[in-house]
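The next block is work_18.txt, given as compact mmCIF, C-alpha atoms.
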```txt
# COMPACT_ATOMS: atom_id res chain seq x y z
CA MET A 12 53.45 -16.20 -58.08
CA ARG A 13 53.54 -19.91 -58.57
CA SER A 14 56.86 -20.19 -56.85
CA VAL A 15 55.46 -18.33 -53.88
CA HIS A 16 52.73 -20.91 -53.61
CA ARG A 17 55.11 -23.76 -54.18
CA LEU A 18 57.30 -22.62 -51.34
CA SER A 19 54.47 -22.11 -48.97
CA THR A 20 53.10 -25.56 -49.69
CA GLU A 21 56.37 -27.44 -49.60
CA GLY A 22 55.68 -31.12 -49.34
CA GLY A 23 51.99 -30.38 -49.14
CA GLY A 24 49.09 -30.96 -51.53
CA PHE A 25 48.33 -29.33 -54.86
CA VAL A 26 47.34 -25.70 -54.71
CA PRO A 27 44.79 -25.15 -57.49
CA PRO A 28 45.27 -22.07 -59.63
CA SER A 29 43.10 -19.16 -58.54
CA SER A 30 42.30 -15.62 -59.55
CA ASN A 31 45.53 -14.64 -57.85
CA ASP A 32 47.40 -16.21 -60.73
CA PHE A 33 46.18 -13.32 -62.85
CA ASN A 34 47.80 -10.67 -60.66
CA LEU A 35 51.25 -10.79 -62.11
CA PRO A 36 54.17 -8.83 -60.66
CA PRO A 37 56.06 -6.29 -62.76
CA VAL A 38 58.28 -7.92 -65.36
CA PHE A 39 60.99 -5.40 -64.63
CA GLY A 40 61.38 -2.46 -62.31
CA ASN A 41 58.81 -1.86 -59.65
CA SER A 42 56.10 -0.09 -61.58
CA ALA A 43 52.47 -0.98 -62.06
CA TYR A 44 53.03 -0.13 -65.75
CA THR A 45 55.48 -2.91 -66.46
CA THR A 46 53.33 -5.90 -65.61
CA LYS A 47 52.94 -8.67 -68.16
CA PRO A 48 49.38 -7.79 -69.29
CA ILE A 49 50.34 -4.19 -69.91
CA LEU A 50 53.43 -5.12 -71.88
CA LEU A 51 51.35 -7.62 -73.84
CA VAL A 52 48.80 -4.95 -74.71
CA PHE A 53 51.54 -2.68 -76.01
CA LEU A 54 53.04 -5.58 -77.89
CA SER A 55 49.67 -6.27 -79.51
CA VAL A 56 49.40 -2.65 -80.64
CA LEU A 57 52.86 -2.91 -82.13
CA LEU A 58 52.25 -6.25 -83.84
CA VAL A 59 48.85 -5.31 -85.28
CA SER A 60 50.10 -1.92 -86.48
CA VAL A 61 53.21 -3.30 -88.12
CA PHE A 62 51.40 -6.21 -89.71
CA PHE A 63 48.64 -4.11 -91.24
CA LEU A 64 50.95 -1.26 -92.21
CA LEU A 65 53.09 -3.73 -94.14
CA ALA A 66 50.08 -5.49 -95.60
CA SER A 67 48.36 -2.32 -96.75
CA ARG A 68 51.45 -0.40 -97.82
CA LYS A 69 51.19 -1.14 -101.53
CA ALA A 70 47.43 -1.33 -101.89
CA ALA A 71 47.96 -3.24 -105.13
CA ILE A 72 45.14 -4.40 -107.34
CA VAL A 73 46.71 -7.82 -107.47
CA PRO A 74 47.64 -8.40 -103.82
CA SER A 75 50.71 -10.11 -102.48
CA LYS A 76 50.26 -12.92 -99.96
CA LEU A 77 50.77 -10.53 -97.10
CA GLN A 78 48.35 -7.97 -98.50
CA PHE A 79 45.84 -10.72 -99.15
CA ALA A 80 46.08 -11.93 -95.56
CA GLY A 81 45.59 -8.41 -94.21
CA GLU A 82 42.81 -7.69 -96.66
CA SER A 83 40.98 -10.87 -95.75
CA ILE A 84 40.78 -9.86 -92.10
CA TYR A 85 39.90 -6.29 -92.99
CA ALA A 86 37.28 -7.37 -95.51
CA PHE A 87 35.75 -9.74 -92.98
CA VAL A 88 35.27 -6.95 -90.44
CA ARG A 89 34.30 -4.41 -93.09
CA ASN A 90 31.73 -6.53 -94.91
CA ASP A 91 30.43 -9.12 -92.47
CA LEU A 92 30.49 -7.00 -89.34
CA GLY A 93 30.22 -3.49 -90.79
CA ARG A 94 28.25 -3.43 -94.02
CA ASP A 95 25.91 -6.35 -93.36
CA VAL A 96 25.03 -5.22 -89.85
CA ILE A 97 25.08 -1.42 -89.95
CA GLY A 98 23.95 -0.76 -93.51
CA HIS A 99 24.74 2.09 -95.81
CA GLU A 100 26.45 4.32 -93.21
CA PHE A 101 28.82 1.55 -92.19
CA MET A 102 32.03 3.03 -93.58
CA ARG A 103 32.26 5.58 -90.75
CA PHE A 104 32.49 2.79 -88.21
CA VAL A 105 34.79 0.40 -90.01
CA PRO A 106 38.02 1.79 -88.48
CA TYR A 107 36.58 1.43 -84.99
CA LEU A 108 35.25 -2.08 -85.56
CA PHE A 109 38.45 -3.09 -87.27
CA THR A 110 40.57 -1.82 -84.38
CA LEU A 111 38.28 -3.51 -81.90
CA PHE A 112 38.43 -6.86 -83.64
CA THR A 113 42.17 -6.98 -84.27
CA PHE A 114 43.00 -5.62 -80.80
CA ILE A 115 40.84 -8.13 -78.96
CA LEU A 116 41.80 -11.03 -81.20
CA THR A 117 45.52 -10.43 -80.81
CA ASN A 118 45.34 -10.02 -77.07
CA ASN A 119 43.17 -13.11 -76.76
CA ILE A 120 45.45 -15.22 -78.86
CA PHE A 121 48.38 -14.19 -76.67
CA GLY A 122 46.79 -16.66 -74.26
CA ILE A 123 48.04 -19.61 -76.27
CA VAL A 124 51.15 -18.17 -77.89
CA PRO A 125 54.13 -20.00 -76.40
CA LEU A 126 56.19 -17.92 -73.95
CA LEU A 127 53.58 -15.14 -73.87
CA GLN A 128 50.73 -17.41 -72.77
CA PHE A 129 48.57 -14.85 -71.10
CA PRO A 130 45.35 -13.43 -72.54
CA ALA A 131 45.45 -9.74 -71.73
CA MET A 132 41.67 -9.63 -71.91
CA SER A 133 41.50 -11.80 -68.80
CA ARG A 134 42.43 -8.61 -66.99
CA VAL A 135 39.04 -7.02 -66.56
CA SER A 136 40.32 -3.47 -67.01
CA PHE A 137 40.84 -3.89 -70.74
CA PRO A 138 37.37 -5.22 -71.53
CA TYR A 139 36.01 -2.40 -69.36
CA VAL A 140 37.86 0.16 -71.42
CA LEU A 141 36.64 -1.34 -74.68
CA ALA A 142 33.06 -1.60 -73.45
CA ILE A 143 33.16 2.04 -72.34
CA PHE A 144 34.41 3.06 -75.77
CA THR A 145 31.61 1.14 -77.41
CA PHE A 146 29.14 2.59 -74.92
CA PHE A 147 30.11 6.13 -75.84
CA VAL A 148 30.29 5.40 -79.53
CA PHE A 149 26.82 3.99 -79.91
CA HIS A 150 25.16 6.54 -77.65
CA TYR A 151 26.98 9.35 -79.40
CA VAL A 152 25.90 8.00 -82.78
CA GLY A 153 22.29 7.74 -81.64
CA ILE A 154 22.24 11.26 -80.20
CA ARG A 155 23.91 12.71 -83.29
CA LYS A 156 21.49 10.94 -85.55
CA GLN A 157 18.21 11.56 -83.74
CA GLY A 158 18.89 14.36 -81.29
CA LEU A 159 19.20 13.90 -77.55
CA ARG A 160 15.49 14.24 -76.77
CA LYS A 161 14.20 11.81 -79.34
CA TYR A 162 17.00 9.34 -78.69
CA LEU A 163 16.32 9.18 -74.96
CA LYS A 164 12.59 9.20 -75.52
CA ASP A 165 12.83 6.27 -77.89
CA ILE A 166 14.90 4.35 -75.39
CA MET A 167 12.65 5.06 -72.44
CA PHE A 168 9.33 4.92 -74.23
CA MET A 169 9.66 2.47 -77.02
CA PRO A 170 7.22 3.50 -79.77
CA GLY A 171 4.31 1.29 -80.62
CA VAL A 172 3.80 -0.13 -77.13
CA PRO A 173 0.63 0.21 -75.04
CA LYS A 174 1.06 2.82 -72.30
CA PRO A 175 0.72 0.57 -69.21
CA VAL A 176 3.53 -1.63 -70.48
CA TYR A 177 5.93 1.30 -69.97
CA ILE A 178 5.79 0.69 -66.23
CA LEU A 179 7.58 -2.55 -66.90
CA LEU A 180 9.44 -1.72 -70.07
CA THR A 181 10.97 1.65 -69.26
CA PRO A 182 13.19 0.49 -66.37
CA ILE A 183 14.24 -2.55 -68.38
CA GLU A 184 15.11 -0.46 -71.40
CA ILE A 185 17.06 2.09 -69.37
CA ALA A 186 18.96 -0.67 -67.61
CA THR A 187 19.62 -2.40 -70.92
CA PHE A 188 21.00 0.61 -72.66
CA PHE A 189 23.05 2.15 -69.88
CA LEU A 190 24.09 -0.76 -67.71
CA VAL A 191 23.50 -4.21 -69.10
CA ARG A 192 24.99 -3.64 -72.51
CA PRO A 193 28.42 -2.34 -71.47
CA LEU A 194 28.56 -4.70 -68.53
CA THR A 195 27.71 -7.87 -70.43
CA LEU A 196 29.96 -6.82 -73.27
CA SER A 197 32.99 -6.48 -71.04
CA LEU A 198 32.22 -9.33 -68.65
CA ARG A 199 31.54 -11.82 -71.42
CA LEU A 200 34.94 -11.20 -72.92
CA PHE A 201 36.70 -11.06 -69.58
CA ALA A 202 35.05 -14.18 -68.16
CA ASN A 203 35.72 -16.26 -71.24
CA MET A 204 39.38 -15.37 -71.28
CA PHE A 205 39.68 -15.69 -67.52
CA ALA A 206 38.00 -19.08 -67.36
CA GLY A 207 39.88 -20.37 -70.38
CA HIS A 208 43.21 -19.41 -68.95
CA LEU A 209 42.27 -20.89 -65.59
CA LEU A 210 41.31 -24.17 -67.24
CA LEU A 211 44.64 -24.37 -69.03
CA LEU A 212 46.42 -23.63 -65.75
CA VAL A 213 44.50 -26.36 -63.98
CA PHE A 214 45.37 -29.04 -66.50
CA ILE A 215 48.94 -28.07 -67.17
CA LEU A 216 49.94 -27.26 -63.60
CA GLY A 217 47.96 -30.28 -62.48
CA GLY A 218 49.83 -32.49 -64.92
CA ASP A 219 53.04 -31.01 -63.68
CA HIS A 220 52.09 -31.72 -60.08
CA LEU A 221 51.04 -35.29 -60.87
CA LEU A 222 54.44 -35.86 -62.42
CA LYS A 223 55.98 -35.18 -59.03
CA GLY A 224 53.75 -37.65 -57.27
CA VAL A 225 53.97 -41.40 -56.79
CA ILE A 226 54.32 -43.74 -59.78
CA GLY A 227 50.55 -44.24 -60.18
CA LEU A 228 49.98 -40.51 -60.44
CA LYS A 229 52.88 -40.16 -62.85
CA LEU A 230 50.98 -42.39 -65.27
CA ILE A 231 47.92 -40.16 -65.11
CA SER A 232 49.94 -37.03 -65.75
CA PRO A 233 50.15 -37.41 -69.58
CA PHE A 234 46.35 -37.41 -69.76
CA ALA A 235 46.25 -34.12 -67.95
CA PHE A 236 48.78 -32.66 -70.38
CA ALA A 237 46.95 -34.09 -73.37
CA PHE A 238 43.76 -32.52 -72.12
CA GLY A 239 45.60 -29.26 -71.64
CA ILE A 240 46.76 -29.37 -75.26
CA GLY A 241 43.28 -30.23 -76.48
CA LEU A 242 41.88 -27.35 -74.48
CA THR A 243 44.45 -25.06 -76.05
CA PHE A 244 42.87 -25.67 -79.43
CA PHE A 245 39.47 -25.17 -77.91
CA GLU A 246 40.72 -21.94 -76.39
CA PHE A 247 41.86 -20.74 -79.77
CA MET A 248 38.31 -21.12 -81.01
CA VAL A 249 36.90 -19.30 -78.00
CA GLN A 250 39.43 -16.50 -78.40
CA CYS A 251 38.44 -15.90 -82.02
CA LEU A 252 34.78 -16.23 -81.21
CA GLN A 253 34.92 -13.72 -78.37
CA ALA A 254 36.71 -11.15 -80.53
CA TYR A 255 34.00 -11.70 -83.16
CA ILE A 256 31.14 -11.44 -80.67
CA PHE A 257 32.42 -8.26 -79.08
CA THR A 258 32.77 -6.60 -82.47
CA LEU A 259 29.47 -7.94 -83.74
CA LEU A 260 27.57 -6.67 -80.70
CA THR A 261 29.22 -3.28 -81.04
CA ALA A 262 28.11 -3.17 -84.67
CA LEU A 263 24.60 -4.21 -83.66
CA TYR A 264 24.39 -1.50 -81.00
CA ILE A 265 25.56 1.09 -83.51
CA ALA A 266 23.04 -0.18 -86.04
CA GLY A 267 20.32 0.03 -83.38
CA ALA A 268 21.27 3.60 -82.52
CA LEU A 269 21.21 4.56 -86.20
CA ALA A 270 17.84 2.98 -86.80
CA ASP A 271 14.84 5.24 -86.36
CA GLU A 272 13.11 2.93 -83.95
CA HIS A 273 14.67 0.49 -81.60
CA MET B 13 48.40 -0.41 -57.35
CA ILE B 14 51.84 -1.82 -56.71
CA HIS B 15 50.64 -2.56 -53.28
CA SER B 16 47.82 -4.71 -54.56
CA VAL B 17 50.19 -6.64 -56.77
CA HIS B 18 52.20 -7.64 -53.79
CA LEU B 19 49.13 -8.32 -51.75
CA ALA B 20 47.82 -10.65 -54.39
CA ALA B 21 50.05 -13.44 -53.28
CA GLU B 22 48.60 -13.33 -49.84
CA GLU B 23 44.91 -12.79 -50.23
CA SER B 24 42.42 -13.25 -52.99
CA VAL B 25 41.69 -10.14 -55.03
CA ASN B 26 38.35 -9.69 -56.71
CA PRO B 27 39.16 -10.12 -60.41
CA LEU B 28 36.33 -7.73 -61.35
CA ILE B 29 38.08 -4.74 -59.82
CA PRO B 30 39.92 -2.84 -62.54
CA HIS B 31 43.44 -1.53 -62.10
CA THR B 32 44.16 2.09 -62.77
CA ALA B 33 47.36 1.36 -64.65
CA GLU B 34 45.63 -1.12 -66.90
CA LEU B 35 42.74 1.24 -67.56
CA VAL B 36 45.13 3.99 -68.58
CA VAL B 37 47.18 1.65 -70.74
CA GLY B 38 44.04 0.20 -72.27
CA VAL B 39 42.79 3.61 -73.32
CA ILE B 40 46.17 4.70 -74.66
CA ALA B 41 46.92 1.44 -76.46
CA PHE B 42 43.50 1.17 -78.05
CA THR B 43 43.48 4.81 -79.13
CA LEU B 44 46.95 4.45 -80.58
CA LEU B 45 46.00 1.39 -82.57
CA PHE B 46 42.77 3.05 -83.68
CA LEU B 47 44.63 6.12 -84.97
CA VAL B 48 47.17 4.03 -86.85
CA LEU B 49 44.60 1.76 -88.44
CA ARG B 50 42.21 4.59 -89.29
CA SER B 51 44.78 6.93 -90.79
CA ARG B 52 47.00 4.47 -92.62
CA VAL B 53 45.56 1.01 -92.99
CA VAL B 54 41.86 1.51 -93.70
CA PRO B 55 42.36 4.14 -96.44
CA MET B 56 44.96 1.97 -98.15
CA PHE B 57 42.76 -1.11 -98.11
CA GLU B 58 39.81 0.94 -99.30
CA LYS B 59 41.96 2.31 -102.09
CA ALA B 60 42.93 -1.20 -103.12
CA PHE B 61 39.29 -2.31 -103.01
CA THR B 62 38.12 0.63 -105.07
CA ALA B 63 40.89 0.15 -107.60
CA ARG B 64 40.08 -3.53 -107.85
CA THR B 65 36.37 -2.93 -108.21
CA GLU B 66 37.03 -0.37 -110.89
CA ALA B 67 39.42 -2.66 -112.69
CA ILE B 68 36.93 -5.50 -112.68
CA GLN B 69 33.99 -3.28 -113.54
CA GLY B 70 35.99 -1.55 -116.26
CA GLY B 71 36.90 -4.89 -117.77
CA MET B 72 33.33 -6.07 -117.62
CA GLU B 73 32.06 -2.87 -119.13
CA ARG B 74 34.58 -3.11 -121.92
CA ALA B 75 33.56 -6.68 -122.63
CA GLU B 76 29.91 -5.71 -122.55
CA LYS B 77 30.52 -2.86 -124.93
CA ALA B 78 32.44 -5.08 -127.31
CA GLN B 79 29.63 -7.59 -127.23
CA LEU B 80 27.08 -4.89 -127.94
CA GLU B 81 29.19 -3.66 -130.80
CA ALA B 82 29.46 -7.14 -132.25
CA GLN B 83 25.74 -7.68 -131.86
CA ARG B 84 25.03 -4.43 -133.61
CA ALA B 85 27.38 -5.30 -136.46
CA LEU B 86 25.74 -8.69 -136.80
CA ASN B 87 22.29 -7.13 -136.89
CA GLN B 88 23.46 -4.67 -139.46
CA TYR B 89 24.88 -7.42 -141.66
CA ASN B 90 21.76 -9.48 -141.35
CA GLU B 91 19.66 -6.50 -142.21
CA GLN B 92 21.81 -5.70 -145.21
CA LEU B 93 21.72 -9.29 -146.31
CA SER B 94 17.96 -9.53 -146.12
CA LYS B 95 17.65 -6.20 -147.87
CA ALA B 96 19.90 -7.44 -150.65
CA ARG B 97 17.85 -10.60 -150.87
CA GLU B 98 14.66 -8.63 -151.12
CA GLU B 99 16.16 -6.41 -153.72
CA ALA B 100 17.28 -9.38 -155.79
CA GLN B 101 13.84 -10.89 -155.43
CA SER B 102 12.16 -7.71 -156.57
CA LEU B 103 14.60 -7.35 -159.44
CA ARG B 104 13.87 -10.85 -160.56
CA GLU B 105 10.16 -10.23 -160.33
CA GLU B 106 10.49 -7.02 -162.26
CA ALA B 107 12.56 -8.70 -164.93
CA ARG B 108 10.01 -11.44 -165.26
CA VAL B 109 7.18 -8.96 -165.57
CA GLN B 110 9.18 -6.94 -168.03
CA GLY B 111 10.01 -10.05 -170.04
CA VAL B 112 6.39 -11.01 -170.24
CA ALA B 113 5.49 -7.49 -171.27
CA ILE B 114 8.18 -7.43 -173.93
CA ILE B 115 7.06 -10.77 -175.35
CA GLU B 116 3.48 -9.61 -175.33
CA GLU B 117 4.39 -6.38 -177.03
CA LEU B 118 6.48 -8.13 -179.64
CA ARG B 119 3.73 -10.55 -180.30
CA THR B 120 1.18 -7.80 -180.80
CA LYS B 121 3.56 -5.91 -182.98
CA ALA B 122 4.23 -9.00 -185.09
CA GLN B 123 0.55 -9.67 -185.40
CA GLU B 124 -0.09 -6.10 -186.40
CA GLU B 125 2.69 -6.30 -188.89
CA ALA B 126 1.34 -9.51 -190.30
CA ILE B 127 -2.09 -8.02 -190.55
CA ARG B 128 -0.68 -4.92 -192.14
CA ILE B 129 1.41 -6.91 -194.66
CA THR B 130 -1.54 -9.15 -195.47
CA ALA B 131 -3.74 -6.13 -195.95
CA SER B 132 -1.26 -4.37 -198.17
CA ALA B 133 -0.76 -7.56 -200.20
CA HIS B 134 -4.48 -7.88 -200.57
CA ALA B 135 -4.70 -4.26 -201.63
CA SER B 136 -1.89 -4.57 -204.13
CA ILE B 137 -3.33 -7.76 -205.56
CA GLU B 138 -6.70 -6.11 -205.83
CA ALA B 139 -5.17 -3.08 -207.53
CA GLN B 140 -3.23 -5.20 -209.97
CA ARG B 141 -6.32 -7.24 -210.65
CA GLN B 142 -8.28 -4.08 -211.24
CA GLN B 143 -5.52 -2.81 -213.46
CA ALA B 144 -5.37 -6.10 -215.29
CA ILE B 145 -9.12 -6.11 -215.69
CA THR B 146 -9.07 -2.55 -216.92
CA SER B 147 -6.20 -3.07 -219.35
CA LEU B 148 -7.62 -6.43 -220.45
CA ARG B 149 -10.94 -4.90 -221.06
CA ASN B 150 -9.37 -2.13 -223.13
CA GLU B 151 -7.18 -4.52 -225.03
CA VAL B 152 -9.93 -7.09 -225.58
CA GLY B 153 -12.15 -4.28 -226.86
CA ALA B 154 -9.45 -2.97 -229.14
CA LEU B 155 -8.55 -6.46 -230.26
CA ALA B 156 -12.14 -7.29 -230.81
CA VAL B 157 -12.63 -4.10 -232.80
CA GLU B 158 -9.41 -4.72 -234.74
CA LEU B 159 -10.33 -8.29 -235.40
CA ALA B 160 -13.81 -7.37 -236.39
CA SER B 161 -12.56 -4.69 -238.74
CA LYS B 162 -10.09 -7.09 -240.24
CA ILE B 163 -12.75 -9.69 -240.65
CA VAL B 164 -15.10 -7.15 -242.09
CA GLY B 165 -12.34 -5.69 -244.32
CA GLU B 166 -11.43 -8.95 -245.95
CA ALA B 167 -13.78 -11.21 -247.75
CA LEU B 168 -15.05 -13.81 -245.52
CA ASP B 169 -16.09 -16.18 -248.26
CA ASP B 170 -13.71 -18.96 -248.01
CA GLN B 171 -12.52 -21.07 -245.24
CA ALA B 172 -8.88 -20.81 -246.10
CA ARG B 173 -8.87 -17.14 -246.16
CA GLN B 174 -10.80 -17.05 -243.02
CA SER B 175 -8.34 -19.24 -241.20
CA ARG B 176 -5.43 -17.25 -242.60
CA ILE B 177 -6.88 -14.07 -241.26
CA VAL B 178 -7.27 -15.60 -237.85
CA ASP B 179 -3.77 -17.01 -237.91
CA ARG B 180 -2.30 -13.74 -239.04
CA PHE B 181 -4.19 -11.96 -236.33
CA LEU B 182 -2.89 -14.35 -233.73
CA ASP B 183 0.61 -14.05 -235.10
CA ASP B 184 0.32 -10.29 -234.88
CA LEU B 185 -0.88 -10.67 -231.39
CA GLU B 186 2.05 -12.77 -230.52
CA ALA B 187 4.42 -10.48 -232.18
CA THR B 188 3.17 -7.49 -230.26
CA LYS B 189 3.39 -9.26 -227.03
```

Could you rewrite the structure in this file as structure tokens?
Amino acid sequence: MRSVHRLSTEGGGFVPPSSNDFNLPPVFGNSAYTTKPILLVFLSVLLVSVFFLLASRKAAIVPSKLQFAGESIYAFVRNDLGRDVIGHEFMRFVPYLFTLFTFILTNNIFGIVPLLQFPAMSRVSFPYVLAIFTFFVFHYVGIRKQGLRKYLKDIMFMPGVPKPVYILLTPIEIATFFLVRPLTLSLRLFANMFAGHLLLLVFILGGDHLLKGVIGLKLISPFAFAFGIGLTFFEFMVQCLQAYIFTLLTALYIAGALADEH
Amino acid sequence: MIHSVHLAAEESVNPLIPHTAELVVGVIAFTLLFLVLRSRVVPMFEKAFTARTEAIQGGMERAEKAQLEAQRALNQYNEQLSKAREEAQSLREEARVQGVAIIEELRTKAQEEAIRITASAHASIEAQRQQAITSLRNEVGALAVELASKIVGEALDDQARQSRIVDRFLDDLEATK
């Protein structure tokens, strides 16, 4: 992609990275299923599975280092995101939350792993898929728990509110539960990863471009690279945080659906 | 889809439009990971957690039980000790009381004995005195009669004779004694 731009702007000015930089061609073959994001997603499944299978294989009382590392992540999701948020029925949802967290985290961190360097979650399709899963999970849980009628009634006519307020509240509530929640969930993750990757591209490609310029620009180039490196650390934080937020919100939605009143 | 990939170089594509291939892969990949983690990883970690909790709880329970046991033993010993002390105290008290009683009894007995001995001594002395008086009286009477008859029998005219009679009488007396 870059090279295409480079060629077309031979001798010309700097072409800033754009959303087109996220549409990567197939790594091999000519299939839409062999693009970099898709391969990365499969790689993440493989890595997470292998890591946790190895870590949990022995299930020893006194854990090895590997088991301890796996357990720490698992316990974090299980206790801080599951038990503390959902309450006594949390164990049913731990596998889902755990998968969500590890899947998003790994794919996010791919954004700063050398050679891979692409956050799969900056492809909006994946956050969409995850948000849709969460959407179905928490609605299903609510309907199972309270019955379809009561669940919908509670959403549309929140108990304990004066009747005239429903004119205002009901559309907001419906929009919140069926549109805003999945949309914000997926777009927050997508936009963070997208913007973060774009920022890194700007500074690193920019530094690269400055290096090709006149002597004065060459001197500025290291600053651009240094900033790019600094941002990489910042990105790492954002990547972890976004995985956490996505999982936390999912847990909160499930907890809300399980609660008797919203 | 492939088409759009190639197009991307030429014109800007809205990044919010999802790709079918990615949607499919997303669903498959996530489901796959979910199944693996749910069936293999979560149960194993839960098993480890449960085992660990049990191990810790078991240890704590054992320690608690041992402590309880020790406490109970200590209480028992203390109780026994205080009981023994009380018993000793009561024994001492009893002994003291008994001692006093024995002394008192002995004293009374001794007094009684003394009184009895004194009384019997008195009685015996009295009896002997009475006996002595009786026998004395008899003897004195007899002696007096004897003496009188002797005196009357003999001639009481001269002094020498008279004194001889008395001396003879006294000598007789002494001889009979």

Would you give me, as a tab-separated table (two decimals) with C-alpha atoms, keeping the file's coordinate frame, the residues of chain A that come within 7 Å of chain B, using only C-alpha atoms?
```
chain	number	residue	atom	x	y	z
A	12	MET	CA	53.45	-16.20	-58.08
A	30	SER	CA	42.30	-15.62	-59.55
A	31	ASN	CA	45.53	-14.64	-57.85
A	34	ASN	CA	47.80	-10.67	-60.66
A	35	LEU	CA	51.25	-10.79	-62.11
A	36	PRO	CA	54.17	-8.83	-60.66
A	42	SER	CA	56.10	-0.09	-61.58
A	43	ALA	CA	52.47	-0.98	-62.06
A	44	TYR	CA	53.03	-0.13	-65.75
A	49	ILE	CA	50.34	-4.19	-69.91
A	52	VAL	CA	48.80	-4.95	-74.71
A	53	PHE	CA	51.54	-2.68	-76.01
A	56	VAL	CA	49.40	-2.65	-80.64
A	60	SER	CA	50.10	-1.92	-86.48
A	63	PHE	CA	48.64	-4.11	-91.24
A	64	LEU	CA	50.95	-1.26	-92.21
A	67	SER	CA	48.36	-2.32	-96.75
A	68	ARG	CA	51.45	-0.40	-97.82
A	70	ALA	CA	47.43	-1.33	-101.89
A	71	ALA	CA	47.96	-3.24	-105.13
A	72	ILE	CA	45.14	-4.40	-107.34
A	82	GLU	CA	42.81	-7.69	-96.66
A	106	PRO	CA	38.02	1.79	-88.48
A	107	TYR	CA	36.58	1.43	-84.99
A	110	THR	CA	40.57	-1.82	-84.38
A	135	VAL	CA	39.04	-7.02	-66.56
A	136	SER	CA	40.32	-3.47	-67.01
A	137	PHE	CA	40.84	-3.89	-70.74
A	140	VAL	CA	37.86	0.16	-71.42
```

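The shell of residues at most 10 Å from range 152-166 of chain B, with only C-alpha atoms counted and near chain neighbours (fewer than 4 positions) removed, consists of Ile145, Thr146, Ser147, Leu148, Arg173, Gln174, Ile177, Val178, Phe181, Leu182 and Leu185 of chain B.
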
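Taking CA of Pro27 in chain A and CA of Leu196 in chain A as the two end points, the separation is 28.4 Å.
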
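Relative to CA of Pro193 in chain A, CA of Val148 in chain A is found at 11.3 Å.
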
Problem set entry | Non-local contacts of range 207-214 of chain A (10 Å; only C-alpha atoms; under 4 positions in same chain excluded) as number ranges by chain | A: 26-30, 32-33, 122-123, 128-130, 133, 201-203, 218-220, 232, 234-243, 245-247, 249-250

Seminar exercise, completed: Separating CA of Gln79 in chain B from CA of Glu91 in chain B, to the nearest tenth of an Å, is a gap of 18.0 Å

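Compared by their closest atoms to Asn118 in chain A, and using all atoms listed in the file, the residues A:Pro48, A:Asp95, A:Leu221, A:Gly153 rank with A:Pro48 nearest.
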
For this session: Could you give me, as a ChimeraX atom specification, the residues within 9 Å of Val96 in chain A, counting all atoms listed in the file and dropping anything in the same chain fewer than 3 positions from it?
Result: /A:90-93,101,259,262-263,265-266

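Near Tyr255 in chain A, within a cut-off of 9 Å and counting only C-alpha atoms, sit the residues Val88, Leu92, Phe112, Ile115 and Leu116 of chain A, with same-chain residues fewer than 6 positions away left out.
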
Print the selection's residues with C-alpha atoms to a file, as a compact mmCIF listing (two decimals), in the coordinates of the input.
```txt
# COMPACT_ATOMS: atom_id res chain seq x y z
CA VAL A 88 35.27 -6.95 -90.44
CA LEU A 92 30.49 -7.00 -89.34
CA PHE A 112 38.43 -6.86 -83.64
CA ILE A 115 40.84 -8.13 -78.96
CA LEU A 116 41.80 -11.03 -81.20
```

Exercise. Residues at most 12 Å from Val191 in chain A, counting only C-alpha atoms, excluding those fewer than 6 positions away in the same chain, as a VMD selection string?
Worked result: chain A and resid 142 to 143 146 182 to 185 197 to 199

Output C-alpha atoms for every residue in that selection, as a PDB file, in the frame of the given file.
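Okay, this is what ended up in selection-v2.pdb:
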```pdb
ATOM      1  CA  ALA A 142      33.060  -1.600 -73.450  1.00  0.00           C
ATOM      2  CA  ILE A 143      33.160   2.040 -72.340  1.00  0.00           C
ATOM      3  CA  PHE A 146      29.140   2.590 -74.920  1.00  0.00           C
ATOM      4  CA  PRO A 182      13.190   0.490 -66.370  1.00  0.00           C
ATOM      5  CA  ILE A 183      14.240  -2.550 -68.380  1.00  0.00           C
ATOM      6  CA  GLU A 184      15.110  -0.460 -71.400  1.00  0.00           C
ATOM      7  CA  ILE A 185      17.060   2.090 -69.370  1.00  0.00           C
ATOM      8  CA  SER A 197      32.990  -6.480 -71.040  1.00  0.00           C
ATOM      9  CA  LEU A 198      32.220  -9.330 -68.650  1.00  0.00           C
ATOM     10  CA  ARG A 199      31.540 -11.820 -71.420  1.00  0.00           C
TER      11      ARG A 199
END
```

Padding 4 Å on every side, please: axis-aligned box over the listed atoms of range 220-237 of chain A, centre and edge lengths to one decimal in Å, as JSON.
```
{"center_x": 51.1, "center_y": -38.0, "center_z": -65.1, "size_x": 17.7, "size_y": 20.5, "size_z": 24.6}
```
